[in-house]
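Accompanying notes for the structure given below.
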Amino acid sequence: MKKITIDINCDVGEGIGNEADILPLISSCNIACGGHTGDAESMARTVALAKKHGVLVGAHPSYPDCGNFGRTTMVIEDDLLKKDIQRQISDLTTILNREQVPLNHIKAHGALYNDLAKNPALADLFLSVIEPYKPSAVLYVPPDSIIALKAKEQGFSIKFEAFADRNYNDDLSLVSRRFPSAVIREPKAVLDHLVAMVEKEKVITISGVERALQADTYCLHGDTPNAFQILMYLSKELPKQQIYIKK
């Protein structure tokens, strides 16, 4: 069986406090930078842990909406949104520069991530904000999305992202967190979901339909209550499938 190496990314610095446990088990992380949560202290602490464990660091900007944890579409003036996303990424890069850690990637959070996948005007706005980071940072995006298409047209480096712990609708959108079935919490179910995506480039949707899904990086949410237990299970079971987390 051919050996496969994959990138597992986690959203971190979100107030859960499990970074010391999960960062040694992953290969890249997305640090909350003050939009949905996070502050200078949490960013600095998470950057230090990522540096210690050789984990690639990305910015995780959001709608400026701590009240809803960035998981609700926000009606906001373009200029205000631009300035806030700029502020979020700049605050993180200031800490990264101080610690001599490169910004590897940018991944939008929550509702902003989902809206960028289907809203051309919002995608253009977001890409204009992150233009200064184009030469050095990769953009994590959903496959076959508006943001992926526009980013590629504008010369951004992109990586397609799939979700190891989230269920998909038949149109490859994520099942809304309003539904109990949105998040996959059982470690064996996460493993099966992930292995199908890695080995077959396919995902079984919530209704049982098999859909093609190509990905370069796989997300497991750091704020899932048993994220550490899931990652421990994956670390043990994935090598049995000749799948290894990149380190």
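Following the order of the structure tokens, first chain is A, next is B, and so on, with residues numbered from 1 inside each chain and ligands from 1 in the order they appear.
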
Name the residues of range 6-225 of chain A that come out as strand (DSSP E) in a backbone DSSP run; write them as a ChimeraX atom specification. /A:6,8-12,28-32,56-60,103-106,138-141,158-163,202-204,210-212,217-219

Surrounding residues of Gly17 in chain A excluding itself and chain neighbours under 6 positions, 12 Å, only C-alpha atoms, as a ChimeraX atom specification: /A:11,23,38,42-43,45-46,49,222-225,227-228

Please produce an output containing C-alpha atoms for each residue in the selection, written as a short mmCIF file (atom, residue, chain, number, x, y, z; two decimals), in the first residue's frame.
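Saved result, selection-v8.cif, follows:
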```
data_model
loop_
_atom_site.label_atom_id
_atom_site.label_comp_id
_atom_site.auth_asym_id
_atom_site.auth_seq_id
_atom_site.Cartn_x
_atom_site.Cartn_y
_atom_site.Cartn_z
CA ASP A 11 -8.54 26.23 14.42
CA LEU A 23 -0.57 21.14 18.50
CA GLY A 38 -8.63 35.92 20.41
CA SER A 42 -3.81 34.19 23.21
CA MET A 43 -2.12 34.77 19.86
CA ARG A 45 0.80 31.93 23.52
CA THR A 46 -0.42 29.90 20.54
CA LEU A 49 3.43 26.56 21.05
CA GLY A 222 -10.02 22.64 17.86
CA ASP A 223 -13.16 23.73 19.72
CA THR A 224 -14.84 20.34 19.36
CA PRO A 225 -14.99 19.15 23.01
CA ALA A 227 -10.76 17.23 19.66
CA PHE A 228 -7.72 15.92 21.54
#
```

Pick out the residues sitting within 12 Å of Val175 in chain A, and hand them over as a VMD selection string; count only C-alpha atoms, and ignore anything fewer than 2 positions along from it in its own chain. chain A and resid 114 163 165 to 173 177 to 184 205 to 207

Shortest interatomic distance to Lys150 in chain A - which of A:Leu116, A:Ile31, A:Ile8, A:Leu213, counting only C-alpha atoms: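 With only C-alpha atoms as the atom set, the closest residue is A:Leu116.
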
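Counting only C-alpha atoms, the residue from A:Gln154, A:Asn30, A:Gln214, A:Gln86 that sits nearest to Leu103 in chain A is A:Asn30.
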
Excluding Ile89 in chain A and any residue of its chain fewer than 4 positions from it, enumerate the residues within 12 Å of it, using only C-alpha atoms, and give them as a PyMOL selection string. chain A and resi 30-35+38-40+43+57-62+82-85+93-96+103+105-108+126+129-133+137

Just the selected residues (N, CA, C and O atoms), exported as a CSV table (one decimal), in the first residue's frame, please.
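Dumped to out_10.csv:
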```csv
chain,number,residue,atom,x,y,z
A,30,ASN,N,-4.6,27.4,12.5
A,30,ASN,CA,-5.3,28.6,12.1
A,30,ASN,C,-5.6,29.4,13.4
A,30,ASN,O,-6.4,29.0,14.2
A,31,ILE,N,-4.9,30.5,13.6
A,31,ILE,CA,-5.0,31.2,14.9
A,31,ILE,C,-6.0,32.3,14.9
A,31,ILE,O,-5.9,33.2,14.0
A,32,ALA,N,-7.0,32.2,15.8
A,32,ALA,CA,-8.0,33.3,15.9
A,32,ALA,C,-7.3,34.6,16.2
A,32,ALA,O,-6.4,34.7,17.1
A,33,CYS,N,-7.6,35.7,15.5
A,33,CYS,CA,-6.9,36.9,15.6
A,33,CYS,C,-7.7,38.1,15.9
A,33,CYS,O,-7.5,39.2,15.4
A,34,GLY,N,-8.8,37.9,16.7
A,34,GLY,CA,-9.5,39.0,17.3
A,34,GLY,C,-10.8,39.3,16.6
A,34,GLY,O,-11.5,40.3,17.0
A,35,GLY,N,-11.2,38.6,15.6
A,35,GLY,CA,-12.5,38.8,15.0
A,35,GLY,C,-13.7,38.1,15.7
A,35,GLY,O,-14.5,38.8,16.3
A,38,GLY,N,-10.1,35.8,20.5
A,38,GLY,CA,-8.6,35.9,20.4
A,38,GLY,C,-8.2,37.3,20.7
A,38,GLY,O,-8.8,38.3,20.4
A,39,ASP,N,-7.0,37.4,21.4
A,39,ASP,CA,-6.4,38.7,21.7
A,39,ASP,C,-4.9,38.5,21.6
A,39,ASP,O,-4.4,37.4,21.3
A,40,ALA,N,-4.1,39.6,21.9
A,40,ALA,CA,-2.7,39.5,21.8
A,40,ALA,C,-2.1,38.4,22.7
A,40,ALA,O,-1.1,37.7,22.2
A,43,MET,N,-2.9,35.0,21.1
A,43,MET,CA,-2.1,34.8,19.9
A,43,MET,C,-0.7,34.5,20.2
A,43,MET,O,-0.1,33.6,19.6
A,57,VAL,N,1.8,28.1,10.8
A,57,VAL,CA,0.9,29.0,11.3
A,57,VAL,C,0.1,29.8,10.3
A,57,VAL,O,0.7,30.3,9.3
A,58,GLY,N,-1.2,29.8,10.4
A,58,GLY,CA,-2.0,30.6,9.6
A,58,GLY,C,-2.9,31.6,10.3
A,58,GLY,O,-3.2,31.4,11.5
A,59,ALA,N,-3.3,32.7,9.7
A,59,ALA,CA,-4.3,33.6,10.3
A,59,ALA,C,-5.7,33.2,10.0
A,59,ALA,O,-6.0,32.6,8.9
A,60,HIS,N,-6.5,33.4,11.0
A,60,HIS,CA,-7.9,32.9,11.0
A,60,HIS,C,-8.9,34.1,11.2
A,60,HIS,O,-9.6,34.1,12.2
A,61,PRO,N,-8.9,35.0,10.2
A,61,PRO,CA,-9.8,36.2,10.4
A,61,PRO,C,-11.3,35.8,10.2
A,61,PRO,O,-11.6,34.9,9.5
A,62,SER,N,-12.1,36.7,10.8
A,62,SER,CA,-13.5,36.4,10.8
A,62,SER,C,-14.3,37.7,10.7
A,62,SER,O,-13.7,38.8,10.7
A,82,LYS,N,-13.2,45.6,5.6
A,82,LYS,CA,-11.8,45.6,5.1
A,82,LYS,C,-10.8,46.0,6.2
A,82,LYS,O,-9.8,45.3,6.5
A,83,LYS,N,-11.1,47.1,6.9
A,83,LYS,CA,-10.2,47.5,8.0
A,83,LYS,C,-10.1,46.5,9.1
A,83,LYS,O,-9.0,46.3,9.7
A,84,ASP,N,-11.2,45.8,9.4
A,84,ASP,CA,-11.1,44.9,10.5
A,84,ASP,C,-10.4,43.6,10.1
A,84,ASP,O,-9.6,43.1,11.0
A,85,ILE,N,-10.5,43.1,8.9
A,85,ILE,CA,-9.7,42.0,8.5
A,85,ILE,C,-8.3,42.3,8.4
A,85,ILE,O,-7.4,41.6,8.8
A,93,THR,N,0.5,39.0,12.5
A,93,THR,CA,1.8,39.0,11.9
A,93,THR,C,2.8,39.8,12.7
A,93,THR,O,4.0,39.5,12.6
A,94,THR,N,2.3,40.8,13.5
A,94,THR,CA,3.2,41.5,14.4
A,94,THR,C,3.9,40.6,15.3
A,94,THR,O,5.1,40.6,15.6
A,95,ILE,N,3.0,39.7,15.9
A,95,ILE,CA,3.5,38.7,16.8
A,95,ILE,C,4.4,37.7,16.1
A,95,ILE,O,5.5,37.3,16.6
A,96,LEU,N,4.0,37.2,14.9
A,96,LEU,CA,4.8,36.3,14.2
A,96,LEU,C,6.2,36.9,13.8
A,96,LEU,O,7.2,36.2,14.0
A,103,LEU,N,4.2,33.6,8.3
A,103,LEU,CA,2.8,33.4,8.1
A,103,LEU,C,2.7,32.4,6.9
A,103,LEU,O,3.0,32.8,5.8
A,105,HIS,N,-0.2,30.6,5.9
A,105,HIS,CA,-1.5,30.6,5.2
A,105,HIS,C,-2.5,31.5,5.9
A,105,HIS,O,-2.3,32.0,7.0
A,106,ILE,N,-3.6,31.7,5.1
A,106,ILE,CA,-4.8,32.5,5.6
A,106,ILE,C,-6.0,31.6,5.4
A,106,ILE,O,-6.2,31.1,4.3
A,107,LYS,N,-6.8,31.5,6.4
A,107,LYS,CA,-8.1,30.8,6.3
A,107,LYS,C,-9.2,31.6,7.0
A,107,LYS,O,-9.1,31.8,8.2
A,108,ALA,N,-10.2,32.0,6.3
A,108,ALA,CA,-11.3,32.7,6.9
A,108,ALA,C,-12.1,31.8,7.9
A,108,ALA,O,-12.0,30.5,7.7
A,126,PHE,N,-12.3,40.4,0.0
A,126,PHE,CA,-11.4,39.6,0.9
A,126,PHE,C,-10.0,39.5,0.2
A,126,PHE,O,-9.0,39.7,0.8
A,129,VAL,N,-8.0,42.6,0.4
A,129,VAL,CA,-7.4,42.8,1.7
A,129,VAL,C,-6.1,42.0,1.9
A,129,VAL,O,-5.1,42.5,2.4
A,130,ILE,N,-6.1,40.8,1.4
A,130,ILE,CA,-5.0,39.9,1.7
A,130,ILE,C,-3.9,40.0,0.5
A,130,ILE,O,-3.0,39.2,0.6
A,131,GLU,N,-4.1,40.9,-0.4
A,131,GLU,CA,-3.2,41.0,-1.5
A,131,GLU,C,-1.7,41.1,-1.1
A,131,GLU,O,-0.8,40.5,-1.7
A,132,PRO,N,-1.4,41.9,0.0
A,132,PRO,CA,0.0,42.1,0.4
A,132,PRO,C,0.6,40.7,0.8
A,132,PRO,O,1.8,40.6,0.8
A,133,TYR,N,-0.2,39.7,1.2
A,133,TYR,CA,0.4,38.5,1.6
A,133,TYR,C,0.5,37.4,0.5
A,133,TYR,O,0.9,36.3,0.7
A,137,ALA,N,2.1,33.7,1.4
A,137,ALA,CA,1.1,32.9,2.2
A,137,ALA,C,0.1,32.2,1.2
A,137,ALA,O,-0.3,32.8,0.2
```

If I take CA of Arg71 in chain A and CA of Arg87 in chain A, how far is one from the other in Å, to one decimal?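 It comes out at 19.3 Å.
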
When DSSP is applied to the backbone of this structure, which of range 35-200 of chain A are assigned helix (DSSP H, G or I)? Write them out as an MDAnalysis selection string. chainID A and resid 40:53 66:68 78:99 110:116 120:133 146:153 187:200

Go through A:Tyr113, A:Ile22, A:Leu122, A:Ala189 one by one, measure the shortest atom-to-atom distance of each to Leu139 in chain A using only C-alpha atoms, and give the residue with the smallest value. A:Tyr113

Find, counting only C-alpha atoms, the residue in A:Cys66, A:Ile76, A:Ala196, A:Ile158 that gets nearest to His36 in chain A.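 Closest to His36 in chain A of all the choices is A:Cys66.
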
Of the listed residues A:Tyr140, A:Tyr233, A:Tyr244, A:Phe156, that which approaches Cys219 in chain A most closely, counting only C-alpha atoms: A:Tyr140
